[in-house]
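Novice: See run.txt below, with compact mmCIF, C-alpha atoms.
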# COMPACT_ATOMS: atom_id res chain seq x y z
CA MET A 230 98.14 102.93 111.19
CA GLY A 231 99.75 105.90 109.53
CA ILE A 232 102.69 103.87 108.23
CA ILE A 233 100.60 101.72 105.90
CA GLU A 234 98.63 104.71 104.65
CA ASP A 235 101.87 106.52 103.82
CA ILE A 236 103.08 103.55 101.77
CA GLU A 237 99.75 103.29 99.99
CA ASN A 238 99.76 106.98 99.15
CA THR A 239 103.10 106.61 97.36
CA GLN A 240 101.57 103.85 95.22
CA LYS A 241 98.53 105.80 94.12
CA ARG A 242 98.46 107.55 90.77
CA LYS A 243 98.46 111.32 90.81
CA THR A 244 95.39 111.85 88.69
CA VAL A 245 92.71 109.21 89.03
CA PRO A 246 90.64 108.76 85.87
CA ASN A 247 87.12 109.97 86.39
CA PHE A 248 84.46 107.44 85.47
CA LYS A 249 81.54 105.67 87.09
CA VAL A 250 79.80 102.32 86.85
CA GLY A 251 77.73 102.26 83.68
CA ASP A 252 80.11 104.43 81.71
CA THR A 253 81.58 103.25 78.45
CA VAL A 254 85.33 103.60 78.63
CA LYS A 255 88.44 102.68 76.70
CA VAL A 256 91.29 101.46 78.88
CA PHE A 257 94.78 101.85 77.44
CA SER A 258 97.05 99.34 79.13
CA LYS A 259 100.74 98.81 78.52
CA ILE A 260 101.76 95.37 77.34
CA ILE A 261 105.34 94.18 77.33
CA GLU A 262 106.21 91.65 74.64
CA GLY A 263 109.80 90.63 75.00
CA SER A 264 111.65 93.90 74.90
CA LYS A 265 108.94 95.85 73.12
CA GLU A 266 106.25 97.76 74.86
CA ARG A 267 102.96 98.67 73.25
CA VAL A 268 99.62 100.03 74.32
CA GLN A 269 96.45 98.01 73.97
CA GLY A 270 92.96 99.40 74.21
CA PHE A 271 90.02 97.64 75.81
CA GLU A 272 86.65 99.22 75.25
CA GLY A 273 83.48 98.38 77.13
CA ILE A 274 81.07 99.14 79.92
CA VAL A 275 82.33 99.51 83.49
CA ILE A 276 80.25 96.97 85.40
CA LYS A 277 81.82 97.31 88.83
CA ARG A 278 84.29 99.15 90.99
CA THR A 279 85.47 97.29 94.08
CA GLY A 280 87.92 97.92 96.88
CA GLY A 281 89.29 101.17 98.14
CA GLY A 282 92.53 103.09 98.17
CA VAL A 283 95.37 101.51 96.19
CA ARG A 284 93.49 98.21 96.08
CA GLU A 285 90.61 99.58 94.04
CA ASN A 286 89.76 97.54 90.93
CA PHE A 287 87.29 98.06 88.14
CA THR A 288 85.85 95.61 85.63
CA VAL A 289 85.10 96.40 82.00
CA ARG A 290 82.75 94.20 80.01
CA LYS A 291 82.37 94.00 76.26
CA LEU A 292 80.96 91.65 73.66
CA VAL A 293 83.32 89.94 71.25
CA GLN A 294 81.43 88.10 68.50
CA GLY A 295 78.48 87.65 70.82
CA VAL A 296 80.61 86.36 73.68
CA GLY A 297 80.92 88.46 76.80
CA VAL A 298 84.49 89.33 77.80
CA GLU A 299 85.31 90.94 81.11
CA ARG A 300 88.61 92.33 82.21
CA THR A 301 89.47 93.61 85.67
CA PHE A 302 92.09 96.31 86.09
CA PRO A 303 93.69 97.69 89.24
CA LEU A 304 92.77 101.38 89.15
CA HIS A 305 96.18 102.56 90.35
CA SER A 306 98.28 100.15 88.29
CA PRO A 307 101.15 101.83 86.42
CA LYS A 308 100.34 99.46 83.56
CA ILE A 309 97.25 101.50 82.81
CA GLU A 310 98.32 104.43 80.73
CA ARG A 311 95.00 106.21 80.65
CA VAL A 312 91.27 105.63 80.71
CA GLU A 313 89.19 107.44 78.13
CA LEU A 314 85.59 108.19 78.92
CA LEU A 315 83.56 107.60 75.77
CA ARG A 316 79.98 107.76 77.03
CA SER A 317 78.55 108.20 80.49
CA GLY A 318 75.72 105.87 81.40
CA LYS A 319 72.71 106.30 83.62
CA VAL A 320 72.41 103.30 85.91
CA ARG A 321 70.66 102.65 89.21
CA ARG A 322 72.94 99.92 90.51
CA ALA A 323 76.51 99.78 91.78
CA LYS A 324 77.20 96.42 90.11
CA LEU A 325 75.84 95.77 86.64
CA TYR A 326 75.81 91.99 86.87
CA TYR A 327 72.41 91.93 85.17
CA LEU A 328 74.15 92.67 81.87
CA ARG A 329 75.66 89.18 81.95
CA LYS A 330 72.25 87.58 81.52
CA ARG A 331 71.31 89.73 78.58
CA ILE A 332 71.94 88.63 75.06
CA GLY A 333 72.31 90.39 71.74
CA GLY A 334 71.86 94.11 71.48
CA GLN A 335 70.36 94.34 74.96
CA ALA A 336 73.63 93.23 76.49
CA THR A 337 75.46 96.45 75.82
CA ARG A 338 72.55 98.83 76.31
CA VAL A 339 72.93 101.30 79.11
CA GLU A 340 70.91 104.48 79.08
CA GLU A 341 72.98 107.55 78.44
CA GLY A 342 73.33 110.45 80.82
CA GLU A 343 74.64 111.18 84.26
CA GLY A 344 74.17 108.21 86.57
CA THR A 345 72.35 108.48 89.84
CA ASN A 346 74.46 105.98 91.75
CA GLU A 347 77.28 107.19 93.95
CA SER A 348 79.66 104.35 93.19
CA ALA A 349 82.54 106.59 92.29
CA PRO A 350 84.63 107.13 95.42
CA ALA A 351 86.20 110.46 96.18
CA MET B 618 125.50 91.34 109.55
CA ASN B 619 122.91 88.60 109.25
CA GLY B 620 119.68 89.75 110.78
CA LEU B 621 117.70 92.22 112.81
CA ILE B 622 114.71 92.34 115.11
CA GLY B 623 111.53 93.89 113.74
CA LYS B 624 107.91 94.58 114.44
CA LYS B 625 105.12 93.51 112.13
CA ILE B 626 103.03 96.50 111.11
CA GLY B 627 100.50 94.98 108.73
CA MET B 628 99.86 94.14 105.10
CA THR B 629 99.17 96.21 102.02
CA GLN B 630 99.65 96.19 98.27
CA ILE B 631 102.31 97.83 96.14
CA PHE B 632 103.17 97.82 92.45
CA ASP B 633 106.60 96.48 91.52
CA GLU B 634 108.83 97.90 88.78
CA LYS B 635 107.03 95.78 86.16
CA GLY B 636 103.71 97.22 87.29
CA ASN B 637 102.42 94.01 88.83
CA ALA B 638 100.46 94.23 92.05
CA LEU B 639 102.29 92.64 94.95
CA GLY B 640 100.88 91.79 98.37
CA VAL B 641 103.45 92.81 100.96
CA THR B 642 103.89 92.75 104.71
CA VAL B 643 105.26 95.92 106.26
CA VAL B 644 107.83 95.22 108.97
CA GLU B 645 109.50 97.92 111.03
CA VAL B 646 113.07 96.64 111.33
CA GLY B 647 115.58 98.14 113.70
CA PRO B 648 117.50 100.25 114.48
CA CYS B 649 118.91 97.65 116.86
CA LYS B 650 121.55 98.30 119.51
CA VAL B 651 124.32 95.80 120.12
CA THR B 652 124.18 94.80 123.78
CA GLN B 653 126.72 92.00 123.76
CA VAL B 654 129.31 90.63 121.33
CA LYS B 655 129.88 86.91 121.55
CA THR B 656 133.10 85.53 120.13
CA ALA B 657 134.28 82.09 119.23
CA ASP B 658 137.13 82.28 121.74
CA LYS B 659 134.99 83.25 124.70
CA ASP B 660 131.57 81.80 123.97
CA GLY B 661 132.28 79.09 121.42
CA TYR B 662 130.49 80.89 118.56
CA ASP B 663 130.24 84.31 116.95
CA ALA B 664 127.03 86.18 117.60
CA LEU B 665 125.55 89.53 118.47
CA GLN B 666 122.96 90.22 121.10
CA LEU B 667 120.63 92.92 119.81
CA LEU B 668 118.13 95.19 121.51
CA PHE B 669 115.01 96.50 119.76
CA GLY B 670 112.65 98.45 121.97
CA LYS B 671 112.60 96.26 125.05
CA LYS B 672 113.20 92.97 123.22
CA LYS B 673 116.54 91.22 123.03
CA ARG B 674 117.45 88.61 120.46
CA GLU B 675 120.66 86.95 119.39
CA VAL B 676 121.93 86.83 115.81
CA ARG B 677 124.56 84.34 114.75
CA LEU B 678 127.44 85.61 112.65
CA ASP B 679 129.27 83.63 109.99
CA LYS B 680 132.48 85.47 110.75
CA PRO B 681 133.46 87.96 113.48
CA GLU B 682 132.54 91.54 112.66
CA GLU B 683 133.99 94.77 113.92
CA LEU B 684 131.05 95.83 116.01
CA LYS B 685 131.11 96.77 119.65
CA VAL B 686 128.53 97.17 122.40
CA GLY B 687 126.41 100.26 121.82
CA ASP B 688 126.64 100.21 118.02
CA GLU B 689 123.39 100.75 116.16
CA ILE B 690 122.46 98.62 113.16
CA LYS B 691 119.88 99.85 110.72
CA VAL B 692 117.56 98.33 108.14
CA ASP B 693 119.92 99.20 105.26
CA ILE B 694 121.76 95.90 105.74
CA PHE B 695 118.92 94.49 103.63
CA LYS B 696 118.54 95.20 99.92
CA ALA B 697 115.49 95.01 97.68
CA GLY B 698 115.45 91.77 95.71
CA GLU B 699 117.19 89.84 98.46
CA LEU B 700 115.77 86.65 99.98
CA VAL B 701 115.27 86.55 103.73
CA LYS B 702 113.61 84.39 106.32
CA VAL B 703 111.24 85.76 108.88
CA SER B 704 110.37 84.03 112.12
CA GLY B 705 107.83 84.92 114.74
CA LEU B 706 105.05 83.64 116.93
CA THR B 707 102.04 82.52 114.87
CA ILE B 708 98.50 83.54 115.75
CA GLY B 709 97.01 81.10 118.28
CA LYS B 710 93.98 79.28 116.90
CA GLY B 711 93.03 77.37 120.08
CA PHE B 712 91.88 73.74 120.09
CA GLN B 713 91.15 72.79 116.50
CA GLY B 714 90.09 69.66 114.64
CA THR B 715 92.16 67.82 112.07
CA ILE B 716 90.53 69.54 109.08
CA LYS B 717 91.71 73.01 110.05
CA ARG B 718 94.89 71.82 111.76
CA TYR B 719 96.23 69.36 109.18
CA HIS B 720 93.98 69.94 106.13
CA THR B 721 92.57 66.41 106.22
CA HIS B 722 89.44 65.76 104.16
CA ARG B 723 85.96 65.99 105.52
CA GLY B 724 83.28 63.30 105.32
CA PRO B 725 80.00 63.65 103.43
CA MET B 726 77.64 66.18 104.95
CA SER B 727 74.43 64.47 103.73
CA HIS B 728 73.00 61.15 102.44
CA GLY B 729 72.72 59.80 106.00
CA SER B 730 76.37 60.35 106.79
CA LYS B 731 77.26 61.25 110.34
CA HIS B 732 80.98 61.38 109.64
CA HIS B 733 81.15 65.09 109.01
CA ARG B 734 84.38 66.52 110.36
CA LEU B 735 85.63 63.60 112.42
CA VAL B 736 89.04 62.01 112.49
CA GLY B 737 88.95 58.99 110.16
CA SER B 738 90.53 55.80 111.36
CA ALA B 739 93.09 56.21 114.12
CA SER B 740 94.97 53.01 113.36
CA SER B 741 94.69 49.30 112.36
CA GLY B 742 93.19 46.46 114.47
CA THR B 743 94.83 43.87 116.71
CA THR B 744 98.08 44.41 114.88
CA PRO B 745 99.64 46.77 115.97
CA GLY B 746 97.01 47.14 118.71
CA ARG B 747 98.00 50.72 119.37
CA VAL B 748 97.99 54.08 117.63
CA TRP B 749 101.11 54.89 115.70
CA PRO B 750 103.02 57.90 117.02
CA GLY B 751 102.49 61.01 114.93
CA ARG B 752 98.83 60.27 114.17
CA LYS B 753 97.18 63.57 113.21
CA MET B 754 94.62 64.41 115.87
CA PRO B 755 92.80 67.48 117.14
CA GLY B 756 94.67 69.75 119.49
CA ARG B 757 96.14 73.17 120.08
CA MET B 758 96.96 74.99 116.87
CA GLY B 759 99.12 78.03 116.29
CA GLY B 760 100.84 80.14 118.90
CA GLY B 761 104.23 78.65 118.14
CA GLN B 762 107.45 79.82 116.57
CA LYS B 763 107.30 79.57 112.77
CA THR B 764 109.73 80.64 110.08
CA VAL B 765 108.85 81.57 106.53
CA LYS B 766 111.87 80.97 104.34
CA LYS B 767 113.06 82.44 101.05
CA VAL B 768 110.75 85.42 101.09
CA LEU B 769 111.52 88.34 98.85
CA VAL B 770 112.39 91.81 100.11
CA ALA B 771 110.24 93.91 97.80
CA GLN B 772 111.33 97.32 99.02
CA VAL B 773 113.49 98.91 101.71
CA ILE B 774 112.44 102.30 103.06
CA ALA B 775 115.58 103.17 105.00
CA GLU B 776 114.54 106.58 106.29
CA LYS B 777 111.52 105.06 108.03
CA ASN B 778 113.23 101.77 109.02
CA LEU B 779 110.70 99.78 107.02
CA LEU B 780 111.00 96.55 105.11
CA LEU B 781 108.33 95.47 102.64
CA ILE B 782 108.35 91.69 102.41
CA LYS B 783 106.43 89.86 99.71
CA GLY B 784 103.70 87.67 101.12
CA PRO B 785 102.66 86.94 104.67
CA VAL B 786 104.76 86.85 107.82
CA PRO B 787 103.91 84.92 111.03
CA GLY B 788 101.98 86.66 113.79
CA LYS B 789 99.70 89.59 114.30
CA PRO B 790 100.50 93.25 113.66
CA GLY B 791 102.56 94.52 116.58
CA ASN B 792 104.32 91.19 117.11
CA ILE B 793 108.10 90.94 117.26
CA VAL B 794 109.63 89.09 114.31
CA MET B 795 113.19 88.19 113.46
CA VAL B 796 114.36 88.96 109.93
CA THR B 797 117.52 87.10 108.88
CA LYS B 798 119.34 86.73 105.60
CA GLU B 799 119.14 83.42 103.78
For the structure just supplied, provide its representation as structure tokens.

Specialist:
Amino acid sequence: MGIIEDIENTQKRKTVPNFKVGDTVKVFSKIIEGSKERVQGFEGIVIKRTGGGVRENFTVRKLVQGVGVERTFPLHSPKIERVELLRSGKVRRAKLYYLRKRIGGQATRVEEGEGTNESAPA
Amino acid sequence: MNGLIGKKIGMTQIFDEKGNALGVTVVEVGPCKVTQVKTADKDGYDALQLLFGKKKREVRLDKPEELKVGDEIKVDIFKAGELVKVSGLTIGKGFQGTIKRYHTHRGPMSHGSKHHRLVGSASSGTTPGRVWPGRKMPGRMGGGQKTVKKVLVAQVIAEKNLLLIKGPVPGKPGNIVMVTKE
């Protein structure tokens, strides 16, 4: 099975951004419009990290005018320029789906501090 | 050169030059040895008999090529961005019903229905008084030769004899597949 692992290792990014579920991050992704390329930021709470290796994805959730917006990014995608860690959150779950049911100010509230969950893979 | 024999390794994901994630099948292709050269004069058509491991396959040629017995052909006959077709033995599914085999619809599961996953009507009544040939019925599924056509070569790793083909390819990992140019 070494062949597939070798291919996957060439696809991985050199430095993996360090963040966990519950953290507030800003994801800078490259967007190509015609011939122009620009960088767009998406700021919110990381509600899940799924998959492993090159196939790892993470989902960021934010509120736009009271409406929840979620965006899933492939962690190793070259379209992601960088991920900025704004605030680390203390959560006790690997998937923060409970935030979807919350409304108003509660919806974005995650206690600050180092999280106890071990969702971040090595 | 039109095609080579390969071995399916498995599937993974890569990012293309635009940064989009692409599901690819890894196929180890060649190097294949020429074991026989067939010519139009002698055999009625131009072809090469190739050897890969212990497997022999024949590849048709559009026009005679200057290759002789013992020559080795490598994966670099394929280029990234090219369209190929890949044929191999599909995974055997055993005896299956019409829903899995032909994607027919299923009946209601509740409200007193007992027509869950059955074949619907087989045919009409007295006329024609028989079942039309070709009626989709349960039976053996898979385990046959299938070809996927117009599949994209996403990447060629020549030093490792690997071909990354976009999408799935018939068969299980370890199976012998034939990769030919479109």

Novice: Excluding segment 273-277 of chain A and residues on its chain fewer than 4 positions from it, collect all residues at most 9 Å away from it, counting only C-alpha atoms, and give them as a PDB file with C-alpha atoms, in the coordinates of the input.

Specialist:
ATOM      1  CA  PHE A 248      84.460 107.440  85.470  1.00  0.00           C
ATOM      2  CA  LYS A 249      81.540 105.670  87.090  1.00  0.00           C
ATOM      3  CA  VAL A 250      79.800 102.320  86.850  1.00  0.00           C
ATOM      4  CA  GLY A 251      77.730 102.260  83.680  1.00  0.00           C
ATOM      5  CA  ASP A 252      80.110 104.430  81.710  1.00  0.00           C
ATOM      6  CA  THR A 253      81.580 103.250  78.450  1.00  0.00           C
ATOM      7  CA  VAL A 254      85.330 103.600  78.630  1.00  0.00           C
ATOM      8  CA  LYS A 255      88.440 102.680  76.700  1.00  0.00           C
ATOM      9  CA  VAL A 256      91.290 101.460  78.880  1.00  0.00           C
ATOM     10  CA  ASN A 286      89.760  97.540  90.930  1.00  0.00           C
ATOM     11  CA  PHE A 287      87.290  98.060  88.140  1.00  0.00           C
ATOM     12  CA  THR A 288      85.850  95.610  85.630  1.00  0.00           C
ATOM     13  CA  VAL A 289      85.100  96.400  82.000  1.00  0.00           C
ATOM     14  CA  ARG A 290      82.750  94.200  80.010  1.00  0.00           C
ATOM     15  CA  LYS A 291      82.370  94.000  76.260  1.00  0.00           C
ATOM     16  CA  LEU A 292      80.960  91.650  73.660  1.00  0.00           C
ATOM     17  CA  GLU A 299      85.310  90.940  81.110  1.00  0.00           C
ATOM     18  CA  GLY A 318      75.720 105.870  81.400  1.00  0.00           C
ATOM     19  CA  ALA A 323      76.510  99.780  91.780  1.00  0.00           C
ATOM     20  CA  LYS A 324      77.200  96.420  90.110  1.00  0.00           C
ATOM     21  CA  LEU A 325      75.840  95.770  86.640  1.00  0.00           C
ATOM     22  CA  TYR A 326      75.810  91.990  86.870  1.00  0.00           C
ATOM     23  CA  LEU A 328      74.150  92.670  81.870  1.00  0.00           C
ATOM     24  CA  THR A 337      75.460  96.450  75.820  1.00  0.00           C
ATOM     25  CA  VAL A 339      72.930 101.300  79.110  1.00  0.00           C
ATOM     26  CA  SER A 348      79.660 104.350  93.190  1.00  0.00           C
TER      27      SER A 348
END

Novice: Using only C-alpha atoms, which chain B residues lie at most 10 Å away from chain A, written as a ChimeraX atom specification?

Specialist: /B:626-638,642-643,645,774,777,779,781

Novice: For Asp693 of chain B, work out the shell of residues within 10 Å, counting only C-alpha atoms and skipping chain neighbours fewer than 4 positions away, then give it as number ranges by chain.

Specialist: B: 646-648, 697, 773-776, 778-780

Novice: Could you tell me how far atom CA of Lys672 of chain B sits from atom CA of Asn792 of chain B, in Å to one decimal place?

Specialist: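 Atom CA of Lys672 of chain B lies at a distance of 10.9 Å from atom CA of Asn792 of chain B.
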
Novice: Rounded to one decimal place, report the atom CA of Arg316 of chain A-atom CA of Glu266 of chain A distance in Å.

Specialist: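 Value for the atom CA of Arg316 of chain A-atom CA of Glu266 of chain A distance: 28.2 Å.
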
Novice: Between atom CA of Lys717 of chain B and atom CA of Lys624 of chain B, what is the distance, to one decimal in Å?

Specialist: 27.3 Å

Novice: I'd like the neighbourhood of Lys671 of chain B as a list in words, where a residue qualifies if any of its atoms comes within 12 Å (using all atoms listed in the file), though same-chain residues fewer than 4 positions away should be ignored.

Specialist: Ile622, Gly623, Lys624, Gly647, Cys649, Lys650, Thr652, Leu667 and Ile793 of chain B

Novice: Determine the nearest neighbour of Gln713 of chain B from the options B:Gly729, B:Gly756, B:Gly661, B:Gly788, counting all atoms listed in the file.

Specialist: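 Nearest to Gln713 of chain B: B:Gly756.
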
Novice: Complete the atoms of segment 720-731 of chain B to all heavy atoms and put them out as a PDB file, in the coordinates of the input.

Specialist:
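Saved result, result_26.pdb, follows:
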ATOM      1  N   HIS B 720      94.586  69.968 107.473  1.00  0.00           N
ATOM      2  CA  HIS B 720      93.980  69.940 106.130  1.00  0.00           C
ATOM      3  C   HIS B 720      93.604  68.528 105.717  1.00  0.00           C
ATOM      4  O   HIS B 720      93.802  68.144 104.562  1.00  0.00           O
ATOM      5  CB  HIS B 720      94.904  70.575 105.088  1.00  0.00           C
ATOM      6  CG  HIS B 720      95.277  71.977 105.425  1.00  0.00           C
ATOM      7  ND1 HIS B 720      94.327  72.956 105.571  1.00  0.00           N
ATOM      8  CD2 HIS B 720      96.466  72.554 105.683  1.00  0.00           C
ATOM      9  CE1 HIS B 720      94.933  74.079 105.899  1.00  0.00           C
ATOM     10  NE2 HIS B 720      96.231  73.867 105.980  1.00  0.00           N
ATOM     11  N   THR B 721      93.106  67.711 106.622  1.00  0.00           N
ATOM     12  CA  THR B 721      92.570  66.410 106.220  1.00  0.00           C
ATOM     13  C   THR B 721      91.219  66.638 105.541  1.00  0.00           C
ATOM     14  O   THR B 721      90.646  67.727 105.631  1.00  0.00           O
ATOM     15  CB  THR B 721      92.372  65.485 107.427  1.00  0.00           C
ATOM     16  OG1 THR B 721      91.464  66.117 108.333  1.00  0.00           O
ATOM     17  CG2 THR B 721      93.672  65.205 108.148  1.00  0.00           C
ATOM     18  N   HIS B 722      90.709  65.608 104.880  1.00  0.00           N
ATOM     19  CA  HIS B 722      89.440  65.760 104.160  1.00  0.00           C
ATOM     20  C   HIS B 722      88.270  65.582 105.108  1.00  0.00           C
ATOM     21  O   HIS B 722      88.392  64.931 106.137  1.00  0.00           O
ATOM     22  CB  HIS B 722      89.357  64.746 103.033  1.00  0.00           C
ATOM     23  CG  HIS B 722      90.343  65.009 101.948  1.00  0.00           C
ATOM     24  ND1 HIS B 722      90.103  65.904 100.944  1.00  0.00           N
ATOM     25  CD2 HIS B 722      91.585  64.531 101.745  1.00  0.00           C
ATOM     26  CE1 HIS B 722      91.163  65.946 100.160  1.00  0.00           C
ATOM     27  NE2 HIS B 722      92.081  65.127 100.620  1.00  0.00           N
ATOM     28  N   ARG B 723      87.152  66.133 104.702  1.00  0.00           N
ATOM     29  CA  ARG B 723      85.960  65.990 105.520  1.00  0.00           C
ATOM     30  C   ARG B 723      85.090  64.885 104.940  1.00  0.00           C
ATOM     31  O   ARG B 723      85.219  64.529 103.775  1.00  0.00           O
ATOM     32  CB  ARG B 723      85.284  67.360 105.559  1.00  0.00           C
ATOM     33  CG  ARG B 723      83.875  67.425 105.123  1.00  0.00           C
ATOM     34  CD  ARG B 723      83.311  68.777 105.327  1.00  0.00           C
ATOM     35  NE  ARG B 723      82.978  69.431 104.051  1.00  0.00           N
ATOM     36  CZ  ARG B 723      82.250  68.896 103.101  1.00  0.00           C
ATOM     37  NH1 ARG B 723      81.810  67.685 103.195  1.00  0.00           N
ATOM     38  NH2 ARG B 723      81.976  69.576 102.006  1.00  0.00           N
ATOM     39  N   GLY B 724      84.211  64.325 105.779  1.00  0.00           N
ATOM     40  CA  GLY B 724      83.280  63.300 105.320  1.00  0.00           C
ATOM     41  C   GLY B 724      82.090  63.923 104.651  1.00  0.00           C
ATOM     42  O   GLY B 724      81.960  65.140 104.623  1.00  0.00           O
ATOM     43  N   PRO B 725      81.184  63.087 104.078  1.00  0.00           N
ATOM     44  CA  PRO B 725      80.000  63.650 103.430  1.00  0.00           C
ATOM     45  C   PRO B 725      79.092  64.327 104.444  1.00  0.00           C
ATOM     46  O   PRO B 725      78.954  63.860 105.563  1.00  0.00           O
ATOM     47  CB  PRO B 725      79.316  62.418 102.816  1.00  0.00           C
ATOM     48  CG  PRO B 725      80.245  61.292 102.992  1.00  0.00           C
ATOM     49  CD  PRO B 725      81.216  61.632 104.048  1.00  0.00           C
ATOM     50  N   MET B 726      78.494  65.443 104.032  1.00  0.00           N
ATOM     51  CA  MET B 726      77.640  66.180 104.950  1.00  0.00           C
ATOM     52  C   MET B 726      76.204  65.674 104.917  1.00  0.00           C
ATOM     53  O   MET B 726      75.408  66.019 105.783  1.00  0.00           O
ATOM     54  CB  MET B 726      77.666  67.672 104.600  1.00  0.00           C
ATOM     55  CG  MET B 726      79.023  68.330 104.779  1.00  0.00           C
ATOM     56  SD  MET B 726      79.769  68.033 106.361  1.00  0.00           S
ATOM     57  CE  MET B 726      79.023  69.338 107.325  1.00  0.00           C
ATOM     58  N   SER B 727      75.822  64.892 103.882  1.00  0.00           N
ATOM     59  CA  SER B 727      74.430  64.470 103.730  1.00  0.00           C
ATOM     60  C   SER B 727      74.372  62.991 103.377  1.00  0.00           C
ATOM     61  O   SER B 727      75.338  62.265 103.616  1.00  0.00           O
ATOM     62  CB  SER B 727      73.739  65.326 102.673  1.00  0.00           C
ATOM     63  OG  SER B 727      74.424  65.219 101.460  1.00  0.00           O
ATOM     64  N   HIS B 728      73.246  62.542 102.825  1.00  0.00           N
ATOM     65  CA  HIS B 728      73.000  61.150 102.440  1.00  0.00           C
ATOM     66  C   HIS B 728      73.144  60.209 103.635  1.00  0.00           C
ATOM     67  O   HIS B 728      73.681  59.105 103.516  1.00  0.00           O
ATOM     68  CB  HIS B 728      73.926  60.695 101.304  1.00  0.00           C
ATOM     69  CG  HIS B 728      73.747  61.485 100.043  1.00  0.00           C
ATOM     70  ND1 HIS B 728      72.617  61.413  99.260  1.00  0.00           N
ATOM     71  CD2 HIS B 728      74.549  62.409  99.448  1.00  0.00           C
ATOM     72  CE1 HIS B 728      72.729  62.236  98.241  1.00  0.00           C
ATOM     73  NE2 HIS B 728      73.888  62.868  98.338  1.00  0.00           N
ATOM     74  N   GLY B 729      72.696  60.664 104.822  1.00  0.00           N
ATOM     75  CA  GLY B 729      72.720  59.800 106.000  1.00  0.00           C
ATOM     76  C   GLY B 729      74.050  59.724 106.697  1.00  0.00           C
ATOM     77  O   GLY B 729      74.189  59.040 107.707  1.00  0.00           O
ATOM     78  N   SER B 730      75.045  60.425 106.168  1.00  0.00           N
ATOM     79  CA  SER B 730      76.370  60.350 106.790  1.00  0.00           C
ATOM     80  C   SER B 730      76.390  61.111 108.101  1.00  0.00           C
ATOM     81  O   SER B 730      75.813  62.183 108.226  1.00  0.00           O
ATOM     82  CB  SER B 730      77.410  60.933 105.837  1.00  0.00           C
ATOM     83  OG  SER B 730      78.583  61.251 106.540  1.00  0.00           O
ATOM     84  N   LYS B 731      77.055  60.535 109.088  1.00  0.00           N
ATOM     85  CA  LYS B 731      77.260  61.250 110.340  1.00  0.00           C
ATOM     86  C   LYS B 731      78.743  61.549 110.553  1.00  0.00           C
ATOM     87  O   LYS B 731      79.159  61.959 111.614  1.00  0.00           O
ATOM     88  CB  LYS B 731      76.716  60.425 111.504  1.00  0.00           C
ATOM     89  CG  LYS B 731      75.199  60.267 111.474  1.00  0.00           C
ATOM     90  CD  LYS B 731      74.769  59.290 112.527  1.00  0.00           C
ATOM     91  CE  LYS B 731      73.265  59.046 112.427  1.00  0.00           C
ATOM     92  NZ  LYS B 731      72.843  58.000 113.356  1.00  0.00           N
TER      93      LYS B 731
END
